[in-house]
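Okay, so here's the structure we're looking at.
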Amino acid sequence: MSTDENTGAEIVYVVDDDQAIRTGVCNLLDSVGLRSMPFGSSEEFLTQWSNEAPGCLVLDVRLPGLTGIEFQEKLLNSGIYIPIIFMTAHGDIPTVKTAMKAGAIEFLTKPFQEEELLIAIRKAFSVDRARRQQAALERSVKTRFTLLRPREREIFDLVTAGLPNKEIADTLGLSIATVKLHRGHVMEKMRANSLAELVRMADSLKGLEKHHSSGKS
Amino acid sequence: MMFGMRLHPPTGVSDSLIEYGLRSIAIAGVFVLLALLWSMFLQHFIAYPFVFLFFGAVMGSAWFGGTIAGFLSVIMSAAVIAFFFVPPVYSIEVNATSRTYYIAFIVAASVMSWVSSARKRSETAIREARDRLEERVLERTAEIERAHLDYVESERRLRLVTEAIPQQIWTAKTDGKVEYCNQHLLNFLGCSAEEIRERDFISVLHPDDQDAFQEAWAQAINSSKPYEGEWRVRGASGQYRWFLVRSIPQISADGSIACWYGTHIDVEERRRVEQALLEAQLELSHISRTLSMGELTAFIAHELNQPLTAVLTNAYACRRWLGAEPLNLDRAVFTADQIIEETTRAGAIVARVRALFQRGEHVREEVNINHEVQKLVGRLRDEAIRRGVVIRTKLARNLPRVAVDAVQIQQVIFNLAINGIDAMADVTGTRELCISTERADGGNVLVTVEDKGTGLDPEAVDKVFQPFFTTKQEGVGLGLTISRTIIEAHKGHIWAAASAAGGTAIRFTIPASP
């Protein structure tokens with residue numbers, strides 16, 4: 001099976017306090033041409049990890065200090081949305097449930113087959129990529145939104161709220177022609193091809209304001 | 001002045017005696033000649049001037065030449081005066097009118113010579129005494145300087161020695177304040193030599209160790225005996241390290257303590273190893289005592305799944321390295337090594353788990369059971385202190401040696417001790433655990449572990465050794481079962497009884513080795 005698609009910049013961070021396991025997992029990833037970095041503890045991982053590098057985290061559930069599940073929560077709370085694949089030597093149902101609910105990609109029971117790990121990693125990469133694309137999109141929408149003038153923002157809000165031009169003109173005390181002109185500018189500056197697209201942008205902006213949701217679409 | 005040279009008295013050597021005599025004659029001759037010439041010259045102007053100058057010659061000769069020269073000059077002067085000045089002139093004769101006068105001159109000149117030379121002698125003696133004194137002073141000063149240099153050097157050497165020793169060394173006054181210490185101690189505490197003199201040792205001790213130290217220190221002061229103990233000392237980083245602290249007093253002549261000499265030996269590593277050992281044992285014991293069968297299985301599964309995971313991932317990797325284009329043999333070999341290592345680890349885990357429940361033959365060694373008890377008590381010390389329990393031992397002397405698996409027997413005593421400590425968790429009075437050994441019938445050795453806990457119900461006494469019987473909320477009841485298995489494998493017996501002190505006593509016997 002080809003794994004060439006994954007030989008990009010992605011890094012698999014492997015965190016397990018058992019040195020033999022992180023060496024083994026990294027060795028396996030090496031052999032399929034995936035970049036990986038081993039860590040003995042979650043703290044060690046945090047000092048090395050950078051948001052710039054895409055990738056995923058392969059995390060042992062039983063760790064010294066914070067458990068894997070607690071660490072997952074800590075990451076979410078500090079706005080780190082790296083996809084997580086859990087490993088455990090004895091997966092009890094409640095732990096699995098908690099982890100999956102919090103967005104874990106997969107829960108591998110030790111010892112696992114290579115295919116299980118590689119499929120999970122591939123899935124994690126695609127989730128990470130999608131989340132990064134989404135985030136990039138949101139960032140560019142936001143940047144474009146900041147280019148709008150105050151009047152254009154008002155028009156943007158009203159248009160995306162579903163109001164027809166006439167009502168907008170009445171609300172703002174403008175002529176329909178002026179509204180149309182502004183509306184044209186808004187569409188142009190936001191690079192929206194249709195009203196539907198503009199509405200989606202408005203939604204994502206609202207989403208950004210409320211809470212930076214995870215990469216899951 | 002040619003006569004200004006210092007003349008030493010004869011030293012008994014004939015050469016210098018002759019030299020002394022010749023010099024005396026020369027000095028007397030010169031003085032008398034001078035007096036004669038001057039008198040000849042002066043008698044043209046003054047009537048009878050001759051006598052006074054000869055007095056001068058006698059004085060000068062005695063002064064510069066000594067007694068002999070003085071005496072010679074008296075004779076020479078007398079002769080010269082008789083010849084030149086006393087009538088009849090140019091004859092050695094002295095006429096009757098001048099005789100009295102002439103004798104008076106000789107007497108006066110003799111006295112003058114004697115006084116002058118005596119004066120000279122005493123002055124010389126004084127000067128010599130002064131010179132000798134000066135010399136002595138110089139010598140003594142040099143000696144003192146040398147001694148001081150020696151002292152400085154020996155102190156420097158001693159200091160170097162104390163610095164070369166990797167331990168921390170200090171001397172302290174009777175109040176415990178440090179007087180001198182080596183750099184190691186200063187470095188560890190992170191303070192200067194001045195600061196350390198102001199500090200109380202107790203202020204850098206771990207709060208939990210301060211009472212024990214105070215006690216040892218007070219006892220050492222009262223008995224004037226050395227003291228020793230292991231305490232945690234706070235370093236410059238704020239972290240505590242274990243030290244073996246040893247100190248001996250220097251006793252002064254009146255029997256009081258003059259000062260203390262002490263060393264601190266870092267035993268952190270040793271303590272850590274001991275602690276790790278105890279924790280491992282606690283964990284094992286904990287597993288067998290408190291886990292349910294399901295949990296026990298999960299524990300074993302977890303322990304085994306770890307190396308199995310490493311083996312499996314490495315095996316997959318190995319297959320890929322071998323199938324890689326080009327072939328990566330180095331990585332394949334490395335991976336195979338990992339597989340071997342982890343498989344060995346899995347095997348060791350299986351062996352460990354089996355050992356926990358094993359009843360098979362073991363390596364037996366002949367031991368004195370008292371030593372095993374003492375070793376265990378030492379290792380339990382921290383745990384006992386933490387739980388407020390005092391462990392007492394009553395060990396019989398002259399016990400026969402027993403052939404046992406020492407590790408297993410320690411495990412049994414350990415299980416019993418921990419059970420006893422657990423049983424006293426709710427006791428408000430003295431928590432005392434007593435471990436005793438004695439000689440039983442038939443040459444057996446009897447070990448008793450007795451607590452002052454809540455005791456056992458009479459019907460429970462018969463059941464405690466059955467598997468899964470427990471009186472503890474979180475216990476599973478395997479500790480005593482395992483203990484019984486071990487003791488029976490040693491052909492001994494183990495039983496429980498109510499203790500006279502109100503708690504529980506577990507006893508076991510081990511037959512003496514043949």
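Labels used: A, B, ... for chains in the order of the structure tokens, numbers from 1 for residues in each chain, and numbers from 1 for ligands as shown.
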
Chain A contacts to chain B at 8 Å (only C-alpha atoms) as a CSV table (one decimal) with N, CA, C and O atoms, in the first residue's frame:
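Output saved as part.csv:
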```csv
chain,number,residue,atom,x,y,z
A,18,ASP,N,6.7,4.4,28.3
A,18,ASP,CA,7.4,3.1,28.1
A,18,ASP,C,8.3,3.3,26.9
A,18,ASP,O,7.9,3.4,25.8
A,20,ALA,N,10.3,1.5,25.3
A,20,ALA,CA,10.3,0.4,24.3
A,20,ALA,C,9.2,0.6,23.3
A,20,ALA,O,9.3,0.4,22.1
A,21,ILE,N,8.0,1.1,23.8
A,21,ILE,CA,6.9,1.3,22.9
A,21,ILE,C,7.1,2.5,22.0
A,21,ILE,O,6.8,2.4,20.8
A,22,ARG,N,7.6,3.6,22.6
A,22,ARG,CA,7.7,4.7,21.7
A,22,ARG,C,8.8,4.5,20.6
A,22,ARG,O,8.7,4.8,19.5
A,23,THR,N,9.8,3.7,21.0
A,23,THR,CA,10.8,3.4,20.0
A,23,THR,C,10.2,2.5,19.0
A,23,THR,O,10.4,2.7,17.8
A,24,GLY,N,9.4,1.5,19.4
A,24,GLY,CA,8.8,0.6,18.5
A,24,GLY,C,7.9,1.3,17.5
A,24,GLY,O,7.9,1.1,16.3
A,25,VAL,N,7.0,2.1,18.0
A,25,VAL,CA,6.0,2.8,17.2
A,25,VAL,C,6.8,3.8,16.2
A,25,VAL,O,6.5,3.8,15.0
A,27,ASN,N,9.8,3.5,15.1
A,27,ASN,CA,10.5,2.6,14.2
A,27,ASN,C,9.5,2.1,13.1
A,27,ASN,O,9.8,2.2,11.9
A,28,LEU,N,8.3,1.7,13.5
A,28,LEU,CA,7.3,1.3,12.5
A,28,LEU,C,7.0,2.5,11.5
A,28,LEU,O,6.9,2.3,10.3
A,29,LEU,N,6.8,3.7,12.1
A,29,LEU,CA,6.4,4.8,11.3
A,29,LEU,C,7.5,5.2,10.4
A,29,LEU,O,7.3,5.5,9.2
A,30,ASP,N,8.8,5.1,10.9
A,30,ASP,CA,9.9,5.3,10.1
A,30,ASP,C,9.9,4.4,8.9
A,30,ASP,O,10.2,4.8,7.7
A,31,SER,N,9.6,3.1,9.1
A,31,SER,CA,9.7,2.1,8.1
A,31,SER,C,8.7,2.3,7.0
A,31,SER,O,8.8,1.9,5.8
A,32,VAL,N,7.6,3.1,7.3
A,32,VAL,CA,6.6,3.4,6.2
A,32,VAL,C,6.8,4.8,5.7
A,32,VAL,O,6.0,5.3,5.0
A,89,ALA,N,-3.4,-0.2,27.2
A,89,ALA,CA,-3.1,-1.7,27.4
A,89,ALA,C,-4.4,-2.4,27.9
A,89,ALA,O,-4.6,-3.6,27.8
A,90,HIS,N,-5.3,-1.6,28.5
A,90,HIS,CA,-6.6,-2.2,28.9
A,90,HIS,C,-7.7,-1.0,28.8
A,90,HIS,O,-7.8,-0.2,29.7
A,110,LYS,N,-3.6,-2.0,23.0
A,110,LYS,CA,-2.3,-2.6,22.9
A,110,LYS,C,-2.5,-4.1,23.1
A,110,LYS,O,-3.2,-4.5,24.0
A,111,PRO,N,-1.8,-5.0,22.3
A,111,PRO,CA,-1.0,-4.6,21.2
A,111,PRO,C,-1.9,-4.5,19.9
A,111,PRO,O,-2.8,-5.3,19.8
A,112,PHE,N,-1.6,-3.6,19.1
A,112,PHE,CA,-2.4,-3.3,17.9
A,112,PHE,C,-1.7,-3.7,16.6
A,112,PHE,O,-0.5,-3.8,16.6
A,113,GLN,N,-2.5,-3.9,15.6
A,113,GLN,CA,-1.9,-4.3,14.3
A,113,GLN,C,-1.5,-3.0,13.6
A,113,GLN,O,-2.0,-1.9,13.9
A,114,GLU,N,-0.5,-3.1,12.7
A,114,GLU,CA,0.0,-1.9,12.1
A,114,GLU,C,-1.0,-1.2,11.3
A,114,GLU,O,-1.1,0.1,11.2
```

Report task. Find the spatial neighbours of Ile251 (chain B), counting only C-alpha atoms, within a cut-off of 10 Å - ignore same-chain residues fewer than 5 positions away - and output them as a list in words. Result -> Ser224, Lys225, Ser256, Ile257, Ala258, Cys259 and Trp260 of chain B

**Study point:** Near-Ile106 (chain B) list (12 Å; only C-alpha atoms; drop same-chain fewer than 5 positions) as a ChimeraX atom specification
**Key:** /B:51,54-55,58,70-82,99-101,111-113

Between CA of Val137 (chain B) and CA of Ala118 (chain B) lies a distance of 28.2 Å

**OP:** Considering only C-alpha atoms, state which residue in the set A:Arg183, A:Pro94, A:Pro38, A:Met190 is at the smallest distance from Leu163 (chain A).
**Re:**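 Smallest distance to Leu163 (chain A) is found for A:Arg183.
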
Neighbour list for Glu188 (chain A) as a VMD selection string, cut-off 12 Å, only C-alpha atoms, skip fewer than 6 positions in-chain
chain A and resid 144 to 145 147 to 148 152 156 181 to 182 194 to 195 198

Expected file: the selected residues, C-alpha atoms, as a tab-separated table (two decimals), in the first residue's frame:
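Listing of out-v8.tsv after writing:
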```tsv
chain	number	residue	atom	x	y	z
A	144	ARG	CA	-11.50	40.37	4.10
A	145	PHE	CA	-14.25	41.35	6.52
A	147	LEU	CA	-11.49	45.53	4.81
A	148	LEU	CA	-15.20	46.47	4.71
A	152	GLU	CA	-20.62	48.06	4.00
A	156	PHE	CA	-23.28	42.79	4.96
A	181	LEU	CA	-23.83	49.71	-5.14
A	182	HIS	CA	-22.61	48.91	-1.60
A	194	SER	CA	-23.29	34.09	-4.65
A	195	LEU	CA	-25.50	35.17	-1.80
A	198	LEU	CA	-21.76	35.19	1.57
```

Residues of region 65-214 of chain A in helix (DSSP H, G or I), written as a VMD selection string
chain A and resid 68 to 77 93 to 101 114 to 147 150 to 160 165 to 172 176 to 189 195 to 210

message = Based on the backbone DSSP call, show me all residues of region 20-56 of chain A assigned strand (DSSP E), as JSON, numbers by chain.
response = {"A": [35, 36, 37, 38, 39, 55, 56]}

Tell me which protein, DNA and RNA residues are within 6 Å of region 169-185 of chain B, counting only C-alpha atoms, leaving out same-chain ones fewer than 3 positions away, and put them as a PDB file with C-alpha atoms, in the first residue's frame.
```
ATOM      1  CA  GLU B 163      38.685  20.062  50.247  1.00  0.00           C
ATOM      2  CA  PHE B 188      25.718  22.717  48.870  1.00  0.00           C
ATOM      3  CA  ARG B 197      28.584  30.870  61.176  1.00  0.00           C
ATOM      4  CA  CYS B 259      34.141  21.539  69.945  1.00  0.00           C
ATOM      5  CA  TRP B 260      32.524  19.190  67.454  1.00  0.00           C
ATOM      6  CA  TYR B 261      33.949  17.669  64.297  1.00  0.00           C
ATOM      7  CA  GLY B 262      31.448  16.516  61.734  1.00  0.00           C
ATOM      8  CA  THR B 263      30.949  15.108  58.265  1.00  0.00           C
TER       9      THR B 263
END
```
